[in-house]
Amino acid sequence: MKLYRSITAIILSCIMSGQMIAVCQTLRFGQAHCDFGTIHEKDGKAVRDFSFRNDGPDTLAVCDITTGCRCIIGEPDFRKVAPGETGILRLTFDPAYRSGPFEYAVSVWYMNRQERQIVIVRGDVVPMVHPIVEDHPYNMGGGLYTSHKVLPFGTIRPGESKKMFFRYGNGTDRPMDLRFEIEGCCSSHIKMERHVTLAPDERGKMYVTVTMPEGYSGKHINRIWPVVNGARLENPILVKMTTGIVKD
């Protein structure tokens, strides 16, 4: 009797497994992944179509396509696909402000959203050079543009360190000698590169690390003054932080 039950359980398990496999293979894609290849950001959105076949016994329709990134939009083939027939799905990828290789999982839902298949979307984006004001919106003067006017470090406990960054760029057609001077109560505890040289239209990223010393409390504002070609600008980058208990 025990042997009979064991054999029965194995048979039922195989049947259930076979049913699960059949369901998963109802919708079969022509390729394991959708490869966008090399995309040039300057060319705008890229569109790729890929096919699927209904290998199941029933008519089906793709009802939705979901992705983990808003850069990918899927257009389902809502028409009903009979067994043995094929359909087309369309994916649109927006490469704006994305660079380098990418890989995302795309879920294709069908059978009234009861089943899904995963398609891996891959590609490589060649970035374009954007106008400096697009990602460096703050004109600090002297041809210097930055991504931030304020670095909000938030709360930092004594002895703790935090790091943030801002982008900077030379908006002129001449080389730029760029230095930074730091003023404020915590200036000696703020670490960053103090001197860079920029070619025309060159951009960079500056990391700023704050280590909160012991004995400080309340809110603090420090200033990072840019000095362009020997002239100190009128607009600083503010470094804001809080330590201890602050009462309004």
# chains A, B, ... in the order shown; residues from 1 in each chain; ligands from 1
call {"tool": "closest_atom_pairs", "arguments": {"of": "stretch 74-169 of chain A", "to": "stretch 211-228 of chain A", "cutoff": "10 Å", "atoms": "only C-alpha atoms", "output": "Markdown table"}}
result
| residue | atom | partner | partner_atom | distance |
| --- | --- | --- | --- | --- |
| A:Met140 | CA | A:Pro226 | CA | 8.2 |
| A:Gly141 | CA | A:Val228 | CA | 8.6 |
| A:Gly142 | CA | A:Val228 | CA | 6.4 |
| A:Gly143 | CA | A:Val228 | CA | 8.4 |
| A:Leu144 | CA | A:Val228 | CA | 7.6 |
| A:Lys149 | CA | A:Ile224 | CA | 9.7 |
| A:Val150 | CA | A:Arg223 | CA | 9.3 |
| A:Leu151 | CA | A:Asn222 | CA | 9.8 |
| A:Pro152 | CA | A:Ile221 | CA | 9.7 |
| A:Gly154 | CA | A:Lys219 | CA | 9.3 |
| A:Thr155 | CA | A:Lys219 | CA | 8.8 |
| A:Ile156 | CA | A:Met212 | CA | 6.3 |
| A:Arg157 | CA | A:Met212 | CA | 6.5 |
| A:Pro158 | CA | A:Met212 | CA | 4.9 |
| A:Gly159 | CA | A:Met212 | CA | 5.3 |
| A:Glu160 | CA | A:Thr211 | CA | 5.6 |
| A:Ser161 | CA | A:Thr211 | CA | 4.2 |
| A:Lys162 | CA | A:Thr211 | CA | 6.6 |
| A:Lys163 | CA | A:Thr211 | CA | 8.9 |
call {"tool": "residues_around", "arguments": {"residues": "A:Ile72", "least_positions_apart": "2", "cutoff": "8 Å", "atoms": "only C-alpha atoms", "output": "CSV table (one decimal) with N, CA and C atoms, in the first residue's frame"}}
result
chain,number,residue,atom,x,y,z
A,67,THR,N,7.1,46.7,-17.7
A,67,THR,CA,8.5,46.7,-17.6
A,67,THR,C,8.9,47.4,-16.3
A,69,CYS,N,11.1,49.7,-16.2
A,69,CYS,CA,11.7,51.0,-16.5
A,69,CYS,C,10.8,51.8,-17.4
A,70,ARG,N,10.6,53.1,-17.1
A,70,ARG,CA,9.7,53.9,-17.9
A,70,ARG,C,10.3,54.2,-19.3
A,74,GLY,N,5.8,49.0,-24.1
A,74,GLY,CA,5.4,47.9,-24.9
A,74,GLY,C,4.0,48.1,-25.5
A,91,LEU,N,8.2,46.9,-29.0
A,91,LEU,CA,8.8,47.6,-27.9
A,91,LEU,C,9.5,48.9,-28.4
A,92,THR,N,9.3,49.9,-27.6
A,92,THR,CA,10.0,51.2,-27.9
A,92,THR,C,10.9,51.6,-26.7
A,93,PHE,N,12.1,51.9,-27.0
A,93,PHE,CA,13.1,52.2,-26.0
A,93,PHE,C,13.5,53.7,-26.2
A,94,ASP,N,13.4,54.4,-25.1
A,94,ASP,CA,13.9,55.8,-25.1
A,94,ASP,C,15.2,56.0,-24.5
call {"tool": "closest_residue", "arguments": {"among": "A:Ala105, A:Cys34, A:Cys63, A:Leu198", "to": "A:Arg48", "atoms": "only C-alpha atoms"}}
result
A:Cys34
call {"tool": "select_by_dssp", "arguments": {"residues": "stretch 63-102 of chain A", "states": "strand (DSSP E or B)", "output": "PyMOL selection string"}}
result
chain A and resi 63-67+72-75+81+86-93+100-102
call {"tool": "residues_around", "arguments": {"residues": "A:Phe166", "least_positions_apart": "5", "cutoff": "8 Å", "atoms": "only C-alpha atoms", "output": "ChimeraX atom specification"}}
result
/A:146-148,151,205-207
call {"tool": "closest_residue", "arguments": {"among": "A:Gly44, A:Pro83, A:Gly68, A:Gly230", "to": "A:Val121", "atoms": "only C-alpha atoms"}}
result
A:Gly68
call {"tool": "select_by_dssp", "arguments": {"residues": "stretch 21-236 of chain A", "states": "alpha helix (DSSP H)", "output": "PyMOL selection string"}}
result
chain A and resi 21-24+132-135
call {"tool": "write_last_selection", "arguments": {"atoms": "N, CA and C atoms", "output": "PDB file, in the first residue's frame"}}
result
ATOM      1  N   ILE A  21       4.445  23.040 -17.351  1.00  0.00           N
ATOM      2  CA  ILE A  21       5.336  23.293 -18.482  1.00  0.00           C
ATOM      3  C   ILE A  21       4.536  23.652 -19.724  1.00  0.00           C
ATOM      4  N   ALA A  22       3.432  22.952 -19.933  1.00  0.00           N
ATOM      5  CA  ALA A  22       2.598  23.227 -21.105  1.00  0.00           C
ATOM      6  C   ALA A  22       2.040  24.634 -21.062  1.00  0.00           C
ATOM      7  N   VAL A  23       1.605  25.063 -19.879  1.00  0.00           N
ATOM      8  CA  VAL A  23       1.067  26.410 -19.747  1.00  0.00           C
ATOM      9  C   VAL A  23       2.141  27.439 -20.023  1.00  0.00           C
ATOM     10  N   CYS A  24       3.341  27.232 -19.470  1.00  0.00           N
ATOM     11  CA  CYS A  24       4.426  28.187 -19.649  1.00  0.00           C
ATOM     12  C   CYS A  24       4.863  28.285 -21.105  1.00  0.00           C
ATOM     13  N   ILE A 132      24.841  72.346 -22.314  1.00  0.00           N
ATOM     14  CA  ILE A 132      25.286  72.361 -20.921  1.00  0.00           C
ATOM     15  C   ILE A 132      24.171  72.747 -19.956  1.00  0.00           C
ATOM     16  N   VAL A 133      23.227  73.577 -20.393  1.00  0.00           N
ATOM     17  CA  VAL A 133      22.180  74.043 -19.477  1.00  0.00           C
ATOM     18  C   VAL A 133      21.152  72.960 -19.181  1.00  0.00           C
ATOM     19  N   GLU A 134      21.142  71.860 -19.945  1.00  0.00           N
ATOM     20  CA  GLU A 134      20.154  70.807 -19.700  1.00  0.00           C
ATOM     21  C   GLU A 134      20.435  70.071 -18.397  1.00  0.00           C
ATOM     22  N   ASP A 135      21.699  69.724 -18.156  1.00  0.00           N
ATOM     23  CA  ASP A 135      22.011  69.010 -16.910  1.00  0.00           C
ATOM     24  C   ASP A 135      22.872  69.836 -15.963  1.00  0.00           C
TER      25      ASP A 135
END
call {"tool": "closest_residue", "arguments": {"among": "A:His40, A:Arg174, A:Arg79, A:Arg194", "to": "A:Val62", "atoms": "only C-alpha atoms"}}
result
A:Arg79
call {"tool": "closest_residue", "arguments": {"among": "A:Glu85, A:Glu41, A:Glu193, A:Asp201", "to": "A:Phe180", "atoms": "only C-alpha atoms"}}
result
A:Glu193
call {"tool": "atom_distance", "arguments": {"atom1": "atom CA of A:Ile190", "atom2": "atom CA of A:Val208"}}
result
6.9 Å
call {"tool": "closest_residue", "arguments": {"among": "A:Glu202, A:His33, A:Leu238, A:Pro57", "to": "A:Ile118", "atoms": "only C-alpha atoms"}}
result
A:His33
call {"tool": "closest_residue", "arguments": {"among": "A:Asp177, A:Thr209, A:Gly123, A:Trp109", "to": "A:Met192", "atoms": "only C-alpha atoms"}}
result
A:Thr209
call {"tool": "atom_distance", "arguments": {"atom1": "atom CA of A:Arg203", "atom2": "atom CA of A:Met241"}}
result
26.6 Å
call {"tool": "atom_distance", "arguments": {"atom1": "atom CA of A:Val210", "atom2": "atom CA of A:Tyr168"}}
result
19.2 Å
call {"tool": "decode", "arguments": {"residues": "stretch 127-183 of chain A", "atoms": "C-alpha atoms", "output": "CSV table (one decimal), in the first residue's frame"}}
result
chain,number,residue,atom,x,y,z
A,127,PRO,CA,25.4,59.0,-25.5
A,128,MET,CA,25.2,62.4,-27.1
A,129,VAL,CA,26.6,65.7,-25.8
A,130,HIS,CA,23.7,67.7,-24.4
A,131,PRO,CA,23.6,71.5,-24.2
A,132,ILE,CA,25.3,72.4,-20.9
A,133,VAL,CA,22.2,74.0,-19.5
A,134,GLU,CA,20.2,70.8,-19.7
A,135,ASP,CA,22.0,69.0,-16.9
A,136,HIS,CA,23.8,72.1,-15.5
A,137,PRO,CA,20.9,74.5,-15.0
A,138,TYR,CA,22.6,77.0,-12.6
A,139,ASN,CA,24.6,79.8,-14.2
A,140,MET,CA,27.1,80.6,-11.5
A,141,GLY,CA,28.8,83.4,-13.5
A,142,GLY,CA,32.1,83.5,-15.4
A,143,GLY,CA,30.9,80.8,-17.8
A,144,LEU,CA,30.6,78.2,-14.9
A,145,TYR,CA,27.4,76.1,-14.8
A,146,THR,CA,26.5,73.6,-12.0
A,147,SER,CA,23.8,71.0,-11.3
A,148,HIS,CA,23.2,72.3,-7.8
A,149,LYS,CA,23.1,75.5,-5.8
A,150,VAL,CA,22.5,73.7,-2.5
A,151,LEU,CA,23.9,70.4,-1.2
A,152,PRO,CA,21.4,69.2,1.4
A,153,PHE,CA,23.3,66.7,3.5
A,154,GLY,CA,20.5,66.4,6.0
A,155,THR,CA,21.3,65.1,9.5
A,156,ILE,CA,24.8,64.0,10.3
A,157,ARG,CA,25.7,62.5,13.6
A,158,PRO,CA,29.0,63.5,15.3
A,159,GLY,CA,31.8,61.4,13.9
A,160,GLU,CA,29.7,60.4,10.9
A,161,SER,CA,30.7,61.1,7.2
A,162,LYS,CA,28.4,61.7,4.3
A,163,LYS,CA,29.2,62.2,0.6
A,164,MET,CA,27.3,64.1,-2.2
A,165,PHE,CA,28.3,65.3,-5.6
A,166,PHE,CA,27.5,68.1,-8.0
A,167,ARG,CA,28.2,68.5,-11.7
A,168,TYR,CA,30.0,71.4,-13.1
A,169,GLY,CA,30.8,72.5,-16.7
A,170,ASN,CA,32.6,75.2,-18.7
A,171,GLY,CA,30.1,76.9,-20.8
A,172,THR,CA,32.7,79.0,-22.7
A,173,ASP,CA,34.9,78.5,-25.7
A,174,ARG,CA,38.0,79.1,-23.7
A,175,PRO,CA,39.9,77.0,-21.1
A,176,MET,CA,38.8,77.6,-17.5
A,177,ASP,CA,40.9,77.5,-14.3
A,178,LEU,CA,38.5,76.5,-11.6
A,179,ARG,CA,39.2,76.6,-7.9
A,180,PHE,CA,37.0,76.3,-4.8
A,181,GLU,CA,37.2,78.1,-1.5
A,182,ILE,CA,35.2,76.8,1.5
A,183,GLU,CA,33.9,79.0,4.3
